[in-house]
$ cat run.txt   # compact mmCIF, C-alpha atoms and all ligand atoms
# COMPACT_ATOMS: atom_id res chain seq x y z
CA MET A 172 11.13 8.97 -14.47
CA ASN A 173 9.73 5.90 -16.28
CA SER A 174 6.01 6.39 -16.80
CA TYR A 175 5.29 2.66 -16.85
CA TYR A 176 6.17 -0.25 -14.64
CA ASN A 177 7.52 -3.25 -16.48
CA LYS A 178 4.61 -5.34 -17.74
CA THR A 179 5.84 -8.90 -17.75
CA ARG A 180 4.41 -12.39 -18.02
CA ARG A 181 4.26 -12.50 -14.21
CA SER A 182 2.70 -9.08 -13.74
CA THR A 183 0.09 -9.12 -16.51
CA VAL A 184 -3.47 -9.12 -15.21
CA ARG A 185 -5.25 -11.92 -17.06
CA ARG A 186 -8.62 -12.29 -15.40
CA ARG A 187 -10.65 -9.14 -16.27
CA ALA A 188 -7.59 -7.85 -18.10
CA GLY A 189 -9.32 -4.54 -18.82
CA ARG A 190 -9.00 -3.68 -15.15
CA GLY A 191 -5.21 -3.96 -15.28
CA ARG A 192 -3.12 -0.77 -15.08
CA TYR A 193 0.63 -0.48 -15.50
CA ASP A 194 1.26 3.26 -15.56
CA ARG A 195 3.23 4.73 -12.71
CA ALA A 196 0.68 7.47 -12.01
CA THR A 197 -2.04 4.92 -11.17
CA ILE A 198 0.24 2.54 -9.30
CA ASP A 199 2.06 5.25 -7.36
CA ALA A 200 -1.24 6.90 -6.36
CA ILE A 201 -2.54 3.63 -4.91
CA LEU A 202 0.75 3.00 -3.08
CA ASP A 203 0.71 6.55 -1.68
CA GLU A 204 -2.90 6.34 -0.48
CA GLY A 205 -2.42 2.98 1.21
CA LEU A 206 -0.98 2.80 4.69
CA VAL A 207 -0.51 -0.92 5.27
CA GLY A 208 0.92 -3.36 2.76
CA HIS A 209 1.11 -7.14 2.93
CA LEU A 210 4.64 -8.33 2.32
CA GLY A 211 4.92 -11.85 0.97
CA LEU A 212 8.07 -13.92 0.97
CA VAL A 213 9.26 -17.47 1.51
CA SER A 214 11.34 -18.16 4.61
CA ASP A 215 12.72 -21.68 5.23
CA GLY A 216 10.35 -23.00 2.58
CA GLN A 217 7.28 -21.49 4.22
CA PRO A 218 5.40 -18.60 2.57
CA PHE A 219 4.58 -15.73 4.97
CA VAL A 220 2.42 -12.69 4.26
CA ILE A 221 3.10 -10.05 6.89
CA PRO A 222 1.28 -6.72 7.34
CA MET A 223 3.68 -3.77 7.42
CA LEU A 224 3.86 -0.03 7.01
CA TYR A 225 5.65 0.98 3.84
CA ALA A 226 6.50 4.13 1.92
CA ARG A 227 7.24 4.72 -1.72
CA ARG A 228 10.35 6.76 -2.36
CA PRO A 229 8.92 9.84 -4.05
CA ASP A 230 11.65 10.26 -6.65
CA GLY A 231 13.99 8.22 -8.80
CA GLU A 232 13.95 6.36 -12.09
CA VAL A 233 13.61 2.97 -10.40
CA PRO A 234 10.52 2.53 -8.19
CA VAL A 235 11.60 1.86 -4.60
CA ILE A 236 9.52 1.04 -1.53
CA TYR A 237 11.00 1.43 1.94
CA LEU A 238 10.15 -0.91 4.82
CA HIS A 239 11.50 -0.77 8.34
CA GLY A 240 11.52 -2.75 11.55
CA SER A 241 13.68 -4.46 14.11
CA PRO A 242 16.92 -6.01 12.81
CA LEU A 243 15.79 -9.12 14.73
CA SER A 244 12.54 -9.44 12.81
CA ARG A 245 12.35 -12.51 10.59
CA VAL A 246 10.65 -10.60 7.80
CA LEU A 247 13.34 -7.88 7.76
CA ARG A 248 16.21 -10.40 8.00
CA THR A 249 14.76 -12.49 5.18
CA LEU A 250 14.10 -9.46 3.01
CA ALA A 251 17.66 -8.26 3.54
CA SER A 252 18.98 -11.52 2.09
CA SER A 253 17.67 -10.50 -1.35
CA VAL A 254 14.93 -13.14 -1.62
CA PRO A 255 12.15 -12.44 -4.14
CA ALA A 256 9.40 -10.49 -2.41
CA CYS A 257 5.88 -9.32 -3.17
CA LEU A 258 4.13 -6.31 -1.65
CA THR A 259 0.35 -6.10 -2.04
CA VAL A 260 -1.65 -2.97 -1.21
CA THR A 261 -5.46 -2.99 -1.32
CA LEU A 262 -7.91 -0.09 -1.13
CA VAL A 263 -11.57 -1.13 -0.90
CA ASP A 264 -13.83 1.61 -2.31
CA GLY A 265 -17.25 0.02 -2.04
CA LEU A 266 -19.52 -2.98 -1.88
CA VAL A 267 -21.25 -3.85 -5.13
CA LEU A 268 -24.65 -5.43 -4.59
CA ALA A 269 -26.00 -7.21 -7.62
CA ARG A 270 -29.42 -8.71 -8.18
CA SER A 271 -27.93 -12.19 -8.07
CA ALA A 272 -25.60 -13.48 -5.36
CA PHE A 273 -23.21 -14.59 -8.07
CA HIS A 274 -22.54 -11.07 -9.39
CA HIS A 275 -21.81 -9.43 -6.04
CA SER A 276 -18.44 -7.73 -6.04
CA VAL A 277 -16.34 -4.94 -4.52
CA ASN A 278 -14.96 -1.77 -6.02
CA TYR A 279 -11.27 -1.66 -5.32
CA ARG A 280 -7.85 -0.41 -6.28
CA SER A 281 -4.96 -2.77 -5.61
CA VAL A 282 -1.31 -3.12 -6.46
CA VAL A 283 0.88 -6.19 -6.58
CA ALA A 284 4.58 -5.24 -6.72
CA LEU A 285 7.38 -7.76 -7.23
CA GLY A 286 11.02 -7.14 -6.49
CA GLN A 287 14.01 -7.71 -4.30
CA ALA A 288 15.10 -5.77 -1.26
CA ALA A 289 18.45 -4.69 0.09
CA ILE A 290 19.46 -3.16 3.41
CA VAL A 291 19.80 0.62 3.33
CA ALA A 292 23.26 0.91 4.89
CA ASP A 293 24.22 4.47 3.98
CA PRO A 294 23.38 6.59 7.07
CA GLN A 295 22.10 9.56 5.05
CA GLU A 296 19.85 7.38 2.90
CA LYS A 297 18.66 5.51 6.00
CA LEU A 298 17.66 8.78 7.69
CA ALA A 299 15.98 9.97 4.49
CA ALA A 300 14.11 6.66 4.18
CA LEU A 301 12.85 6.86 7.76
CA ASP A 302 11.74 10.45 7.13
CA THR A 303 9.90 9.22 4.04
CA ILE A 304 8.12 6.54 6.07
CA VAL A 305 7.05 9.07 8.73
CA GLU A 306 6.02 11.67 6.12
CA ARG A 307 4.01 9.13 4.17
CA MET A 308 2.16 8.34 7.38
CA VAL A 309 1.61 11.94 8.51
CA PRO A 310 2.83 14.71 6.17
CA GLY A 311 4.51 17.47 8.19
CA ARG A 312 5.47 15.25 11.09
CA THR A 313 9.24 15.12 10.50
CA ALA A 314 9.54 18.89 10.92
CA ASP A 315 7.94 18.51 14.38
CA ALA A 316 8.99 15.19 15.97
CA ARG A 317 12.52 14.55 17.28
CA GLY A 318 14.59 12.64 14.76
CA PRO A 319 16.17 9.25 15.57
CA SER A 320 19.25 9.06 17.83
CA GLU A 321 22.32 6.98 16.90
CA GLN A 322 21.03 4.24 19.22
CA GLU A 323 17.55 4.32 17.69
CA LEU A 324 19.02 4.20 14.20
CA ALA A 325 21.09 1.16 15.15
CA ALA A 326 17.96 -0.53 16.50
CA THR A 327 16.09 0.01 13.22
CA GLU A 328 16.63 -1.88 9.99
CA VAL A 329 15.55 -0.20 6.79
CA VAL A 330 15.27 -2.09 3.54
CA ALA A 331 14.64 -0.76 0.05
CA LEU A 332 12.42 -2.97 -2.11
CA GLU A 333 13.31 -2.26 -5.72
CA VAL A 334 10.15 -2.86 -7.72
CA ARG A 335 10.97 -4.70 -10.93
CA GLU A 336 7.42 -5.60 -11.97
CA ALA A 337 4.09 -4.19 -10.85
CA SER A 338 0.46 -4.10 -11.81
CA ALA A 339 -2.62 -2.35 -10.53
CA LYS A 340 -6.14 -3.69 -10.82
CA VAL A 341 -9.07 -1.31 -10.51
CA ARG A 342 -12.81 -2.00 -10.38
CA THR A 343 -15.33 0.82 -10.38
CA GLY A 344 -18.99 1.22 -11.08
CA PRO A 345 -22.31 -0.53 -10.58
CA PRO A 346 -23.04 -4.23 -10.51
CA VAL A 347 -23.09 -6.08 -13.80
CA ASP A 348 -26.01 -8.48 -13.69
CA ALA A 349 -27.10 -11.13 -16.15
CA SER A 350 -29.59 -9.51 -18.55
CA GLU A 351 -32.44 -11.77 -17.43
CA ASP A 352 -31.96 -10.62 -13.80
CA TYR A 353 -32.51 -6.84 -14.36
CA PRO A 354 -36.32 -7.12 -14.04
CA LEU A 355 -35.98 -8.80 -10.60
CA GLU A 356 -37.45 -6.91 -7.65
CA VAL A 357 -34.10 -6.81 -5.83
CA TRP A 358 -32.31 -3.59 -4.82
CA ALA A 359 -29.00 -3.28 -6.63
CA GLY A 360 -26.23 -0.70 -6.50
CA GLU A 361 -23.07 0.38 -4.74
CA LEU A 362 -22.37 1.03 -1.07
CA PRO A 363 -19.33 3.34 -1.08
CA ILE A 364 -16.67 2.92 1.60
CA THR A 365 -14.67 5.93 2.77
CA THR A 366 -12.03 6.13 5.47
CA THR A 367 -12.55 8.91 7.99
CA TYR A 368 -10.43 10.02 10.93
CA GLY A 369 -11.76 10.82 14.37
CA ASP A 370 -10.96 13.83 16.55
CA PRO A 371 -7.33 13.85 17.80
CA LEU A 372 -6.98 12.49 21.37
CA PRO A 373 -4.06 14.28 23.07
CA ASP A 374 -1.72 12.20 25.17
CA SER A 375 -2.44 12.84 28.88
CA ARG A 376 1.09 14.30 29.25
CA CYS A 377 0.69 16.68 26.29
CA SER A 378 -0.94 20.11 26.78
CA LEU A 379 0.10 21.54 23.40
CA PRO A 380 -2.49 22.55 20.83
CA VAL A 381 -3.18 20.00 18.12
CA PRO A 382 -1.07 20.86 15.06
CA ASP A 383 -2.90 21.73 11.86
CA TYR A 384 -1.32 18.78 10.05
CA VAL A 385 -3.02 16.49 12.59
CA SER A 386 -6.42 18.18 12.85
CA ALA A 387 -6.69 18.54 9.05
CA TYR A 388 -5.33 15.04 8.39
CA ARG A 389 -6.66 12.98 5.57
CA ARG A 390 -5.00 10.68 3.08
CA ALA A 391 -5.08 11.80 -0.52
CA HIS A 392 -7.80 9.96 -2.36
CA ALA A 393 -7.09 9.37 -6.02
CA ALA A 394 -10.38 8.74 -7.79
CA PRO A 395 -9.87 5.94 -10.29
CA ASP A 396 -9.68 7.22 -13.84
CA LEU A 397 -10.76 4.57 -16.27
CA ALA A 398 -10.87 6.82 -19.34
C1 LIG A 401 -0.88 -2.48 10.57
C2 LIG A 401 0.45 -3.08 10.92
C3 LIG A 401 1.61 -2.40 10.58
C4 LIG A 401 2.86 -2.95 10.91
N1 LIG A 401 3.98 -2.29 10.52
C5 LIG A 401 5.18 -2.85 10.75
C6 LIG A 401 6.38 -2.25 10.28
O1 LIG A 401 6.37 -1.21 9.61
N2 LIG A 401 7.55 -2.85 10.58
C7 LIG A 401 7.60 -4.01 11.28
O2 LIG A 401 8.71 -4.53 11.50
N3 LIG A 401 6.50 -4.61 11.73
C8 LIG A 401 5.29 -4.06 11.49
N4 LIG A 401 4.16 -4.67 11.94
C9 LIG A 401 4.32 -5.91 12.69
C10 LIG A 401 4.55 -7.05 11.68
O3 LIG A 401 3.30 -7.48 11.17
C11 LIG A 401 5.28 -8.25 12.29
O4 LIG A 401 4.61 -8.65 13.46
C12 LIG A 401 6.72 -7.93 12.66
O5 LIG A 401 7.40 -7.35 11.54
C13 LIG A 401 7.47 -9.16 13.06
O6 LIG A 401 7.60 -9.99 11.95
P1 LIG A 401 8.45 -11.34 12.03
O7 LIG A 401 8.55 -11.85 10.64
O8 LIG A 401 9.73 -11.10 12.73
O9 LIG A 401 7.51 -12.25 12.83
P2 LIG A 401 7.75 -13.08 14.21
O10 LIG A 401 7.83 -12.14 15.34
O11 LIG A 401 8.95 -13.99 13.91
O12 LIG A 401 6.43 -13.82 14.24
C14 LIG A 401 6.28 -15.21 14.31
C15 LIG A 401 4.99 -15.57 13.67
O13 LIG A 401 3.94 -14.84 14.29
C16 LIG A 401 2.97 -14.50 13.34
N5 LIG A 401 2.86 -13.05 13.18
C17 LIG A 401 3.85 -12.13 13.02
N6 LIG A 401 3.32 -10.92 12.83
C18 LIG A 401 1.98 -11.08 12.88
C19 LIG A 401 0.90 -10.18 12.75
N7 LIG A 401 1.09 -8.86 12.48
N8 LIG A 401 -0.34 -10.66 12.86
C20 LIG A 401 -0.55 -11.97 13.12
N9 LIG A 401 0.43 -12.87 13.24
C21 LIG A 401 1.68 -12.43 13.11
C22 LIG A 401 3.38 -15.13 12.06
O14 LIG A 401 2.89 -16.43 11.97
C23 LIG A 401 4.86 -15.15 12.20
O15 LIG A 401 5.49 -15.97 11.31
C24 LIG A 401 2.92 -4.18 11.62
C25 LIG A 401 1.74 -4.84 11.94
C26 LIG A 401 0.52 -4.32 11.58
C27 LIG A 401 -0.73 -5.09 11.89
$ encode --input "run.txt" --output "structure tokens" --more "lines below"
Ligand SMILES: Cc1cc2nc3c(=O)[nH]c(=O)nc-3n(C[C@H](O)[C@H](O)[C@H](O)COP(=O)(O)OP(=O)(O)OC[C@H]3O[C@@H](n4cnc5c(N)ncnc54)[C@H](O)[C@@H]3O)c2cc1C
Amino acid sequence: MNSYYNKTRRSTVRRRAGRGRYDRATIDAILDEGLVGHLGLVSDGQPFVIPMLYARRPDGEVPVIYLHGSPLSRVLRTLASSVPACLTVTLVDGLVLARSAFHHSVNYRSVVALGQAAIVADPQEKLAALDTIVERMVPGRTADARGPSEQELAATEVVALEVREASAKVRTGPPVDASEDYPLEVWAGELPITTTYGDPLPDSRCSLPVPDYVSAYRRAHAAPDLA
């Protein structure tokens, strides 16, 4: 597996370049922790940025991200016509409160991935891609839930976005104030943000015990490593 995404003129982080990351471990970890991505493309001359679930294919030399939806959906139809696309995933780790309004910031990990998509037509790959999407949402779920019927498969389009260029940008740490502002009597620091999950709420027509993979659910959190 390539250990780096292609760093190109289009995918090079310029502003605060030191926060740019191009290694697959960092980028894949952000993609795997995120749940919702924002898919950008141009349709009939109009840019659209549409929120969607996504899942990174866990193997393979070429990085691939699966997306799914109705074959009637504009975003899926446009994607399937091989237009250039951009998927952005953002994880917000904290608010950064500086002594001056100007230096306020957020700690974050984000990925911008550029590529082109194609319909996943092979039935085996389509089933595997849908399993990947479900497993990325809730690991363990595909061994439990009923798989898709022929009719459900026909009513679902799956596209594979082959990532040709990608960058991550990561900010961590305290505020960085102007040196003359440090003596100010203003509280400064970080307010961390963590995502937590509530207690499972069983469907009124379900009397089964809550599976361990639901009650113990949490998304892997990859602490940013800036070494
Ligand atoms: C968290 C989340 C996850 C989702 N996951 C998926 C997924 O995995 N697959 C999938 O197919 N869809 C998903 N959706 C729905 C998706 O955002 C689109 O609504 C859907 O794909 C239809 O897209 P379309 O291009 O056909 O839009 P149309 O139905 O053609 O929509 C027409 C117009 O409505 C507006 N619109 C469309 N969607 C939204 C929206 N979500 N919010 C506000 N305005 C909107 C836009 O202006 C759009 O151009 C998700 C939505 C959210 C919020």
$ residues_near_ligand --input "run.txt" --ligand "ligand LIG 401 (chain A)" --cutoff "6 Å" --atoms "all atoms listed in the file" --output "number ranges by chain"
A: 207, 221-224, 239-241, 244-246
$ write_last_selection --input "run.txt" --atoms "C-alpha atoms" --output "CSV table (one decimal), in the frame of the given file"
chain,number,residue,atom,x,y,z
A,207,VAL,CA,-0.5,-0.9,5.3
A,221,ILE,CA,3.1,-10.0,6.9
A,222,PRO,CA,1.3,-6.7,7.3
A,223,MET,CA,3.7,-3.8,7.4
A,224,LEU,CA,3.9,0.0,7.0
A,239,HIS,CA,11.5,-0.8,8.3
A,240,GLY,CA,11.5,-2.8,11.6
A,241,SER,CA,13.7,-4.5,14.1
A,244,SER,CA,12.5,-9.4,12.8
A,245,ARG,CA,12.4,-12.5,10.6
A,246,VAL,CA,10.6,-10.6,7.8
$ residues_around --input "run.txt" --residues "Val291 (chain A)" --least-positions-apart "3" --cutoff "7 Å" --atoms "only C-alpha atoms" --output "list in words"
Glu296, Lys297, Val329, Val330 and Ala331 of chain A
$ residues_around --input "run.txt" --residues "region 268-281 of chain A" --least-positions-apart "5" --cutoff "9 Å" --atoms "only C-alpha atoms" --output "VMD selection string"
chain A and resid 198 201 to 202 259 to 263 338 to 349 352 to 353 355 to 363 395
$ atom_distance --input "run.txt" --atom1 "CA of His392 (chain A)" --atom2 "CA of Glu204 (chain A)"
6.4 Å
$ residues_near_point --input "run.txt" --point "(8.2, -9.2, -3.1)" --cutoff "12 Å" --atoms "only C-alpha atoms" --output "number ranges by chain"
A: 182, 208-213, 218-221, 235-236, 238, 246, 249-251, 253-260, 282-289, 331-337
$ atom_distance --input "run.txt" --atom1 "CA of Arg181 (chain A)" --atom2 "CA of Tyr193 (chain A)"
12.6 Å
$ atom_distance --input "run.txt" --atom1 "CA of Tyr176 (chain A)" --atom2 "CA of Arg248 (chain A)"
26.8 Å
$ closest_atom_pairs --input "run.txt" --of "region 275-335 of chain A" --to "region 378-388 of chain A" --cutoff "8 Å" --atoms "all atoms listed in the file" --output "JSON lines"
{"residue": "A:Val309", "atom": "CA", "partner": "A:Tyr384", "partner_atom": "CA", "distance": 7.6}
{"residue": "A:Pro310", "atom": "CA", "partner": "A:Tyr384", "partner_atom": "CA", "distance": 7.0}
{"residue": "A:Gly311", "atom": "CA", "partner": "A:Tyr384", "partner_atom": "CA", "distance": 6.3}
{"residue": "A:Arg312", "atom": "CA", "partner": "A:Tyr384", "partner_atom": "CA", "distance": 7.7}
$ closest_residue --input "run.txt" --among "A:Leu301, A:Ser350, A:Pro229, A:Asp315" --to "Asp199 (chain A)" --atoms "all atoms listed in the file"
A:Pro229
$ closest_residue --input "run.txt" --among "A:Ala300, A:Met308, A:Ala196, A:Leu266" --to "Leu324 (chain A)" --atoms "all atoms listed in the file"
A:Ala300
$ closest_residue --input "run.txt" --among "A:Pro242, A:Pro319, A:Gly265, A:Pro371" --to "Ile290 (chain A)" --atoms "all atoms listed in the file"
A:Pro242
$ decode --input "run.txt" --residues "region 248-277 of chain A" --atoms "N, CA and C atoms" --output "JSON list (two decimals), in the first residue's frame"
[["chain", "number", "residue", "atom", "x", "y", "z"],
["A", 248, "ARG", "N", -25.94, 10.51, -9.65],
["A", 248, "ARG", "CA", -25.93, 10.47, -11.13],
["A", 248, "ARG", "C", -24.76, 11.28, -11.67],
["A", 249, "THR", "N", -24.54, 12.44, -11.07],
["A", 249, "THR", "CA", -23.45, 13.31, -11.55],
["A", 249, "THR", "C", -22.10, 12.65, -11.27],
["A", 250, "LEU", "N", -21.97, 12.12, -10.06],
["A", 250, "LEU", "CA", -20.72, 11.44, -9.70],
["A", 250, "LEU", "C", -20.41, 10.31, -10.66],
["A", 251, "ALA", "N", -21.47, 9.56, -11.01],
["A", 251, "ALA", "CA", -21.28, 8.39, -11.87],
["A", 251, "ALA", "C", -20.82, 8.77, -13.27],
["A", 252, "SER", "N", -20.98, 10.04, -13.64],
["A", 252, "SER", "CA", -20.55, 10.45, -14.98],
["A", 252, "SER", "C", -19.09, 10.91, -14.98],
["A", 253, "SER", "N", -18.35, 10.52, -13.96],
["A", 253, "SER", "CA", -16.89, 10.74, -13.90],
["A", 253, "SER", "C", -16.48, 12.20, -13.86],
["A", 254, "VAL", "N", -17.32, 13.07, -13.30],
["A", 254, "VAL", "CA", -16.91, 14.47, -13.15],
["A", 254, "VAL", "C", -15.87, 14.56, -12.02],
["A", 255, "PRO", "N", -15.01, 15.58, -12.04],
["A", 255, "PRO", "CA", -14.10, 15.75, -10.90],
["A", 255, "PRO", "C", -14.91, 16.02, -9.63],
["A", 256, "ALA", "N", -14.50, 15.39, -8.55],
["A", 256, "ALA", "CA", -15.25, 15.55, -7.29],
["A", 256, "ALA", "C", -14.27, 15.81, -6.15],
["A", 257, "CYS", "N", -14.83, 16.35, -5.08],
["A", 257, "CYS", "CA", -14.02, 16.67, -3.90],
["A", 257, "CYS", "C", -14.81, 16.25, -2.67],
["A", 258, "LEU", "N", -14.20, 15.43, -1.82],
["A", 258, "LEU", "CA", -14.84, 15.05, -0.56],
["A", 258, "LEU", "C", -14.05, 15.68, 0.58],
["A", 259, "THR", "N", -14.76, 16.42, 1.43],
["A", 259, "THR", "CA", -14.14, 17.06, 2.59],
["A", 259, "THR", "C", -14.72, 16.47, 3.87],
["A", 260, "VAL", "N", -13.83, 16.10, 4.78],
["A", 260, "VAL", "CA", -14.24, 15.55, 6.09],
["A", 260, "VAL", "C", -13.58, 16.42, 7.16],
["A", 261, "THR", "N", -14.36, 16.84, 8.14],
["A", 261, "THR", "CA", -13.86, 17.75, 9.18],
["A", 261, "THR", "C", -14.16, 17.20, 10.57],
["A", 262, "LEU", "N", -13.16, 17.11, 11.40],
["A", 262, "LEU", "CA", -13.33, 16.75, 12.81],
["A", 262, "LEU", "C", -12.90, 17.96, 13.63],
["A", 263, "VAL", "N", -13.80, 18.47, 14.47],
["A", 263, "VAL", "CA", -13.47, 19.65, 15.28],
["A", 263, "VAL", "C", -13.15, 19.17, 16.69],
["A", 264, "ASP", "N", -11.90, 19.40, 17.13],
["A", 264, "ASP", "CA", -11.43, 18.85, 18.40],
["A", 264, "ASP", "C", -11.49, 19.85, 19.55],
["A", 265, "GLY", "N", -11.67, 21.13, 19.26],
["A", 265, "GLY", "CA", -11.73, 22.07, 20.38],
["A", 265, "GLY", "C", -11.81, 23.51, 19.92],
["A", 266, "LEU", "N", -12.27, 24.34, 20.85],
["A", 266, "LEU", "CA", -12.26, 25.78, 20.62],
["A", 266, "LEU", "C", -10.99, 26.34, 21.24],
["A", 267, "VAL", "N", -10.38, 27.25, 20.56],
["A", 267, "VAL", "CA", -9.11, 27.84, 21.03],
["A", 267, "VAL", "C", -9.35, 29.31, 21.31],
["A", 268, "LEU", "N", -9.32, 29.64, 22.60],
["A", 268, "LEU", "CA", -9.68, 31.00, 23.03],
["A", 268, "LEU", "C", -8.41, 31.78, 23.34],
["A", 269, "ALA", "N", -8.14, 32.74, 22.51],
["A", 269, "ALA", "CA", -6.93, 33.55, 22.67],
["A", 269, "ALA", "C", -7.24, 34.80, 23.47],
["A", 270, "ARG", "N", -6.21, 35.53, 23.80],
["A", 270, "ARG", "CA", -6.40, 36.77, 24.56],
["A", 270, "ARG", "C", -6.97, 37.87, 23.67],
["A", 271, "SER", "N", -6.69, 37.77, 22.39],
["A", 271, "SER", "CA", -7.25, 38.75, 21.45],
["A", 271, "SER", "C", -8.30, 38.04, 20.60],
["A", 272, "ALA", "N", -9.29, 38.76, 20.16],
["A", 272, "ALA", "CA", -10.31, 38.18, 19.27],
["A", 272, "ALA", "C", -9.67, 37.65, 18.00],
["A", 273, "PHE", "N", -8.66, 38.37, 17.53],
["A", 273, "PHE", "CA", -8.03, 38.03, 16.25],
["A", 273, "PHE", "C", -7.44, 36.63, 16.25],
["A", 274, "HIS", "N", -6.86, 36.20, 17.39],
["A", 274, "HIS", "CA", -6.15, 34.92, 17.42],
["A", 274, "HIS", "C", -7.01, 33.75, 17.87],
["A", 275, "HIS", "N", -8.32, 33.94, 17.98],
["A", 275, "HIS", "CA", -9.19, 32.80, 18.27],
["A", 275, "HIS", "C", -9.11, 31.81, 17.11],
["A", 276, "SER", "N", -9.27, 30.53, 17.47],
["A", 276, "SER", "CA", -9.13, 29.51, 16.45],
["A", 276, "SER", "C", -9.91, 28.26, 16.86],
["A", 277, "VAL", "N", -9.75, 27.18, 16.10],
["A", 277, "VAL", "CA", -10.27, 25.87, 16.50],
["A", 277, "VAL", "C", -9.16, 24.84, 16.29]]
